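Written below as structure tokens is the structure these notes are about.
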Amino acid sequence: MRAELRDRYGKLPRSVELLLSTAELKIVAGTANVDTIETKDDKIMLSERGQLYQVAGKFPRLTKPRPEGKLTEIRKLVESLAHEHNPH
């Protein structure tokens with residue numbers, strides 16, 4: 001969809017890029033059985049069937065200041081969970 005929009009309209013506005021990245025994250029979350037993605041302050045809170053995901057007893061932390069960086073960090077975490085669920 002991103003490529004089609006770029007082809008039709010040229011460079012996409014930042015808000016559209018963020019919207020598309022968020023939609024992609026939702027798709028990746030589905031493959032990892034992640035039902036909910038929340039952030040509070042710098043904590044990433046993912047849940048699967050109501051069970052919160054933690055690393056070493058703590059919530060993973062966001063380190064990037066901009067929305068693009070935060071979405072990338074969350075996506076990498078969700079992708080790592082997807083690989084745990086589907087190792088092939």
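Order determines the names: the first chain of the structure tokens is A, the second B, and so forth; residues in each chain are numbered 1 upward, and ligands are numbered 1 upward as they are shown.
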
Exercise. Go through chain A and collect every residue that DSSP, computed from the backbone, puts in alpha helix (DSSP H); the answer should be as a count of residues only.
Key: 45

Within 9 Å of A:Met1 using only C-alpha atoms, minus same-chain residues under 4 positions, as a PDB file with C-alpha atoms, in the first residue's frame:
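After the write, around_11.pdb holds the following:
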```
ATOM      1  CA  LEU A   5       0.551   5.666  -2.371  1.00  0.00           C
ATOM      2  CA  ARG A   6       4.077   6.906  -3.110  1.00  0.00           C
ATOM      3  CA  LEU A  20       1.188   3.057   7.817  1.00  0.00           C
TER       4      LEU A  20
END
```

Neighbours of stretch 69-72 of chain A within 8 Å (only C-alpha atoms; same-chain residues fewer than 4 positions away dropped), as a PDB file with N, CA and C atoms, in the first residue's frame?
```pdb
ATOM      1  N   SER A  21       3.032   2.780   9.387  1.00  0.00           N
ATOM      2  CA  SER A  21       3.885   2.012  10.298  1.00  0.00           C
ATOM      3  C   SER A  21       3.071   1.414  11.440  1.00  0.00           C
ATOM      4  N   THR A  22       2.097   2.167  11.928  1.00  0.00           N
ATOM      5  CA  THR A  22       1.226   1.662  12.989  1.00  0.00           C
ATOM      6  C   THR A  22       0.383   0.491  12.486  1.00  0.00           C
ATOM      7  N   LEU A  25       2.558  -2.532  12.279  1.00  0.00           N
ATOM      8  CA  LEU A  25       2.801  -3.053  13.628  1.00  0.00           C
ATOM      9  C   LEU A  25       1.629  -3.914  14.090  1.00  0.00           C
ATOM     10  N   LEU A  62      11.387   2.016  26.132  1.00  0.00           N
ATOM     11  CA  LEU A  62      11.633   2.775  24.913  1.00  0.00           C
ATOM     12  C   LEU A  62      12.841   3.670  25.136  1.00  0.00           C
ATOM     13  N   THR A  63      13.701   3.748  24.148  1.00  0.00           N
ATOM     14  CA  THR A  63      14.875   4.603  24.272  1.00  0.00           C
ATOM     15  C   THR A  63      14.885   5.735  23.250  1.00  0.00           C
ATOM     16  N   LYS A  64      14.108   5.604  22.197  1.00  0.00           N
ATOM     17  CA  LYS A  64      14.101   6.616  21.132  1.00  0.00           C
ATOM     18  C   LYS A  64      13.113   7.729  21.467  1.00  0.00           C
ATOM     19  N   PRO A  65      13.465   8.983  21.148  1.00  0.00           N
ATOM     20  CA  PRO A  65      12.590  10.101  21.493  1.00  0.00           C
ATOM     21  C   PRO A  65      11.470  10.370  20.471  1.00  0.00           C
ATOM     22  N   LYS A  76      10.369  -4.252  16.663  1.00  0.00           N
ATOM     23  CA  LYS A  76      11.426  -5.249  16.873  1.00  0.00           C
ATOM     24  C   LYS A  76      11.091  -6.176  18.038  1.00  0.00           C
TER      25      LYS A  76
END
```

Quiz prompt | Non-local contacts of A:Thr36 (9 Å; only C-alpha atoms; under 4 positions in same chain excluded) as a ChimeraX atom specification | solution = /A:29,45-50

Would you pick out the contacts of stretch 59-61 of chain A at 10 Å or less, using only C-alpha atoms, so that residues sharing its chain but fewer than 5 positions from it are not included, and give the list as a PDB file with N, CA and C atoms, in the first residue's frame?
```pdb
ATOM      1  N   THR A  39       1.925   1.912  25.697  1.00  0.00           N
ATOM      2  CA  THR A  39       3.130   2.514  26.247  1.00  0.00           C
ATOM      3  C   THR A  39       2.703   3.456  27.365  1.00  0.00           C
ATOM      4  N   LYS A  40       3.470   3.447  28.411  1.00  0.00           N
ATOM      5  CA  LYS A  40       3.233   4.356  29.527  1.00  0.00           C
ATOM      6  C   LYS A  40       4.593   4.869  29.947  1.00  0.00           C
ATOM      7  N   ASP A  41       4.767   6.178  29.847  1.00  0.00           N
ATOM      8  CA  ASP A  41       6.074   6.785  30.032  1.00  0.00           C
ATOM      9  C   ASP A  41       7.012   6.119  29.021  1.00  0.00           C
ATOM     10  N   ASP A  42       8.044   5.449  29.469  1.00  0.00           N
ATOM     11  CA  ASP A  42       8.952   4.792  28.531  1.00  0.00           C
ATOM     12  C   ASP A  42       8.808   3.272  28.547  1.00  0.00           C
ATOM     13  N   LYS A  43       7.743   2.761  29.161  1.00  0.00           N
ATOM     14  CA  LYS A  43       7.528   1.313  29.252  1.00  0.00           C
ATOM     15  C   LYS A  43       6.693   0.814  28.080  1.00  0.00           C
ATOM     16  N   ILE A  44       7.075  -0.352  27.560  1.00  0.00           N
ATOM     17  CA  ILE A  44       6.299  -1.030  26.520  1.00  0.00           C
ATOM     18  C   ILE A  44       5.546  -2.162  27.208  1.00  0.00           C
ATOM     19  N   MET A  45       4.231  -2.124  27.123  1.00  0.00           N
ATOM     20  CA  MET A  45       3.411  -3.152  27.752  1.00  0.00           C
ATOM     21  C   MET A  45       2.639  -3.906  26.672  1.00  0.00           C
ATOM     22  N   LEU A  46       3.053  -5.146  26.442  1.00  0.00           N
ATOM     23  CA  LEU A  46       2.405  -6.019  25.479  1.00  0.00           C
ATOM     24  C   LEU A  46       1.646  -7.082  26.243  1.00  0.00           C
ATOM     25  N   LEU A  52       0.608 -10.081  30.605  1.00  0.00           N
ATOM     26  CA  LEU A  52       1.595  -9.074  30.230  1.00  0.00           C
ATOM     27  C   LEU A  52       2.954  -9.704  29.983  1.00  0.00           C
ATOM     28  N   TYR A  53       3.650  -9.197  28.988  1.00  0.00           N
ATOM     29  CA  TYR A  53       4.977  -9.686  28.617  1.00  0.00           C
ATOM     30  C   TYR A  53       6.025  -8.829  29.317  1.00  0.00           C
ATOM     31  N   GLN A  54       6.968  -9.481  29.997  1.00  0.00           N
ATOM     32  CA  GLN A  54       8.064  -8.782  30.648  1.00  0.00           C
ATOM     33  C   GLN A  54       9.381  -9.496  30.319  1.00  0.00           C
ATOM     34  N   LYS A  70      10.299   5.050  18.180  1.00  0.00           N
ATOM     35  CA  LYS A  70       9.515   4.266  19.137  1.00  0.00           C
ATOM     36  C   LYS A  70       8.770   3.139  18.434  1.00  0.00           C
ATOM     37  N   GLU A  73      11.239   0.407  17.653  1.00  0.00           N
ATOM     38  CA  GLU A  73      11.590  -0.375  18.847  1.00  0.00           C
ATOM     39  C   GLU A  73      10.476  -1.360  19.203  1.00  0.00           C
ATOM     40  N   ILE A  74       9.248  -0.887  19.178  1.00  0.00           N
ATOM     41  CA  ILE A  74       8.111  -1.757  19.515  1.00  0.00           C
ATOM     42  C   ILE A  74       8.002  -2.880  18.490  1.00  0.00           C
ATOM     43  N   LEU A  77      10.545  -5.615  19.109  1.00  0.00           N
ATOM     44  CA  LEU A  77      10.165  -6.435  20.257  1.00  0.00           C
ATOM     45  C   LEU A  77       9.056  -7.412  19.874  1.00  0.00           C
TER      46      LEU A  77
END
```

Quiz prompt | Close residues, A:Leu19 itself excluded, 12 Å, only C-alpha atoms, min 4 positions apart in chain, as a PyMOL selection string | solution = chain A and resi 1-2+12-15+23-26+67-68+71

Would you put the residues from that selection into a file with N, CA and C atoms, as a PDB file, in the first residue's frame?
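selection-v8.pdb, written as the output of this step:
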```
ATOM      1  N   MET A   1       0.820  -1.178   0.000  1.00  0.00           N
ATOM      2  CA  MET A   1       0.000   0.000   0.000  1.00  0.00           C
ATOM      3  C   MET A   1       0.880   1.265   0.000  1.00  0.00           C
ATOM      4  N   ARG A   2       1.961   1.207   0.815  1.00  0.00           N
ATOM      5  CA  ARG A   2       2.878   2.356   0.891  1.00  0.00           C
ATOM      6  C   ARG A   2       3.441   2.673  -0.499  1.00  0.00           C
ATOM      7  N   LEU A  12       5.328  10.834   0.837  1.00  0.00           N
ATOM      8  CA  LEU A  12       4.200  10.836   1.771  1.00  0.00           C
ATOM      9  C   LEU A  12       4.502  11.728   2.973  1.00  0.00           C
ATOM     10  N   PRO A  13       3.475  12.406   3.472  1.00  0.00           N
ATOM     11  CA  PRO A  13       3.665  13.202   4.687  1.00  0.00           C
ATOM     12  C   PRO A  13       4.030  12.306   5.870  1.00  0.00           C
ATOM     13  N   ARG A  14       4.725  12.868   6.819  1.00  0.00           N
ATOM     14  CA  ARG A  14       5.153  12.129   8.020  1.00  0.00           C
ATOM     15  C   ARG A  14       3.967  11.458   8.701  1.00  0.00           C
ATOM     16  N   SER A  15       2.843  12.147   8.800  1.00  0.00           N
ATOM     17  CA  SER A  15       1.672  11.579   9.475  1.00  0.00           C
ATOM     18  C   SER A  15       1.170  10.321   8.770  1.00  0.00           C
ATOM     19  N   ALA A  23      -0.127   0.599  11.270  1.00  0.00           N
ATOM     20  CA  ALA A  23      -0.907  -0.496  10.685  1.00  0.00           C
ATOM     21  C   ALA A  23      -0.042  -1.744  10.502  1.00  0.00           C
ATOM     22  N   GLU A  24       1.206  -1.557  10.047  1.00  0.00           N
ATOM     23  CA  GLU A  24       2.124  -2.694   9.905  1.00  0.00           C
ATOM     24  C   GLU A  24       2.397  -3.347  11.251  1.00  0.00           C
ATOM     25  N   LEU A  25       2.558  -2.532  12.279  1.00  0.00           N
ATOM     26  CA  LEU A  25       2.801  -3.053  13.628  1.00  0.00           C
ATOM     27  C   LEU A  25       1.629  -3.914  14.090  1.00  0.00           C
ATOM     28  N   LYS A  26       0.416  -3.490  13.787  1.00  0.00           N
ATOM     29  CA  LYS A  26      -0.763  -4.281  14.167  1.00  0.00           C
ATOM     30  C   LYS A  26      -0.752  -5.648  13.486  1.00  0.00           C
ATOM     31  N   PRO A  67       8.554   9.487  17.441  1.00  0.00           N
ATOM     32  CA  PRO A  67       7.572   8.423  17.178  1.00  0.00           C
ATOM     33  C   PRO A  67       8.080   7.344  16.227  1.00  0.00           C
ATOM     34  N   GLU A  68       8.821   7.733  15.183  1.00  0.00           N
ATOM     35  CA  GLU A  68       9.343   6.742  14.235  1.00  0.00           C
ATOM     36  C   GLU A  68      10.253   5.746  14.938  1.00  0.00           C
ATOM     37  N   LEU A  71       8.165   3.435  17.284  1.00  0.00           N
ATOM     38  CA  LEU A  71       7.470   2.389  16.532  1.00  0.00           C
ATOM     39  C   LEU A  71       8.435   1.294  16.098  1.00  0.00           C
TER      40      LEU A  71
END
```

Exercise. Could you jot down the atom CA of A:Arg75 to atom CA of A:Val28 separation for me, Å, one decimal place?
Key: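 Distance reported for this atom pair: 7.4 Å.
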
Quiz prompt | Residues flagged strand (DSSP E) by DSSP in chain A, as a ChimeraX atom specification | solution = /A:36-40,43-48,51-53

Quiz prompt | Between atom CA of A:Val78 and atom CA of A:Lys11 - distance in Å to one decimal | solution =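 Calculated distance between atom CA of A:Lys11 and atom CA of A:Val78 is 27.7 Å.
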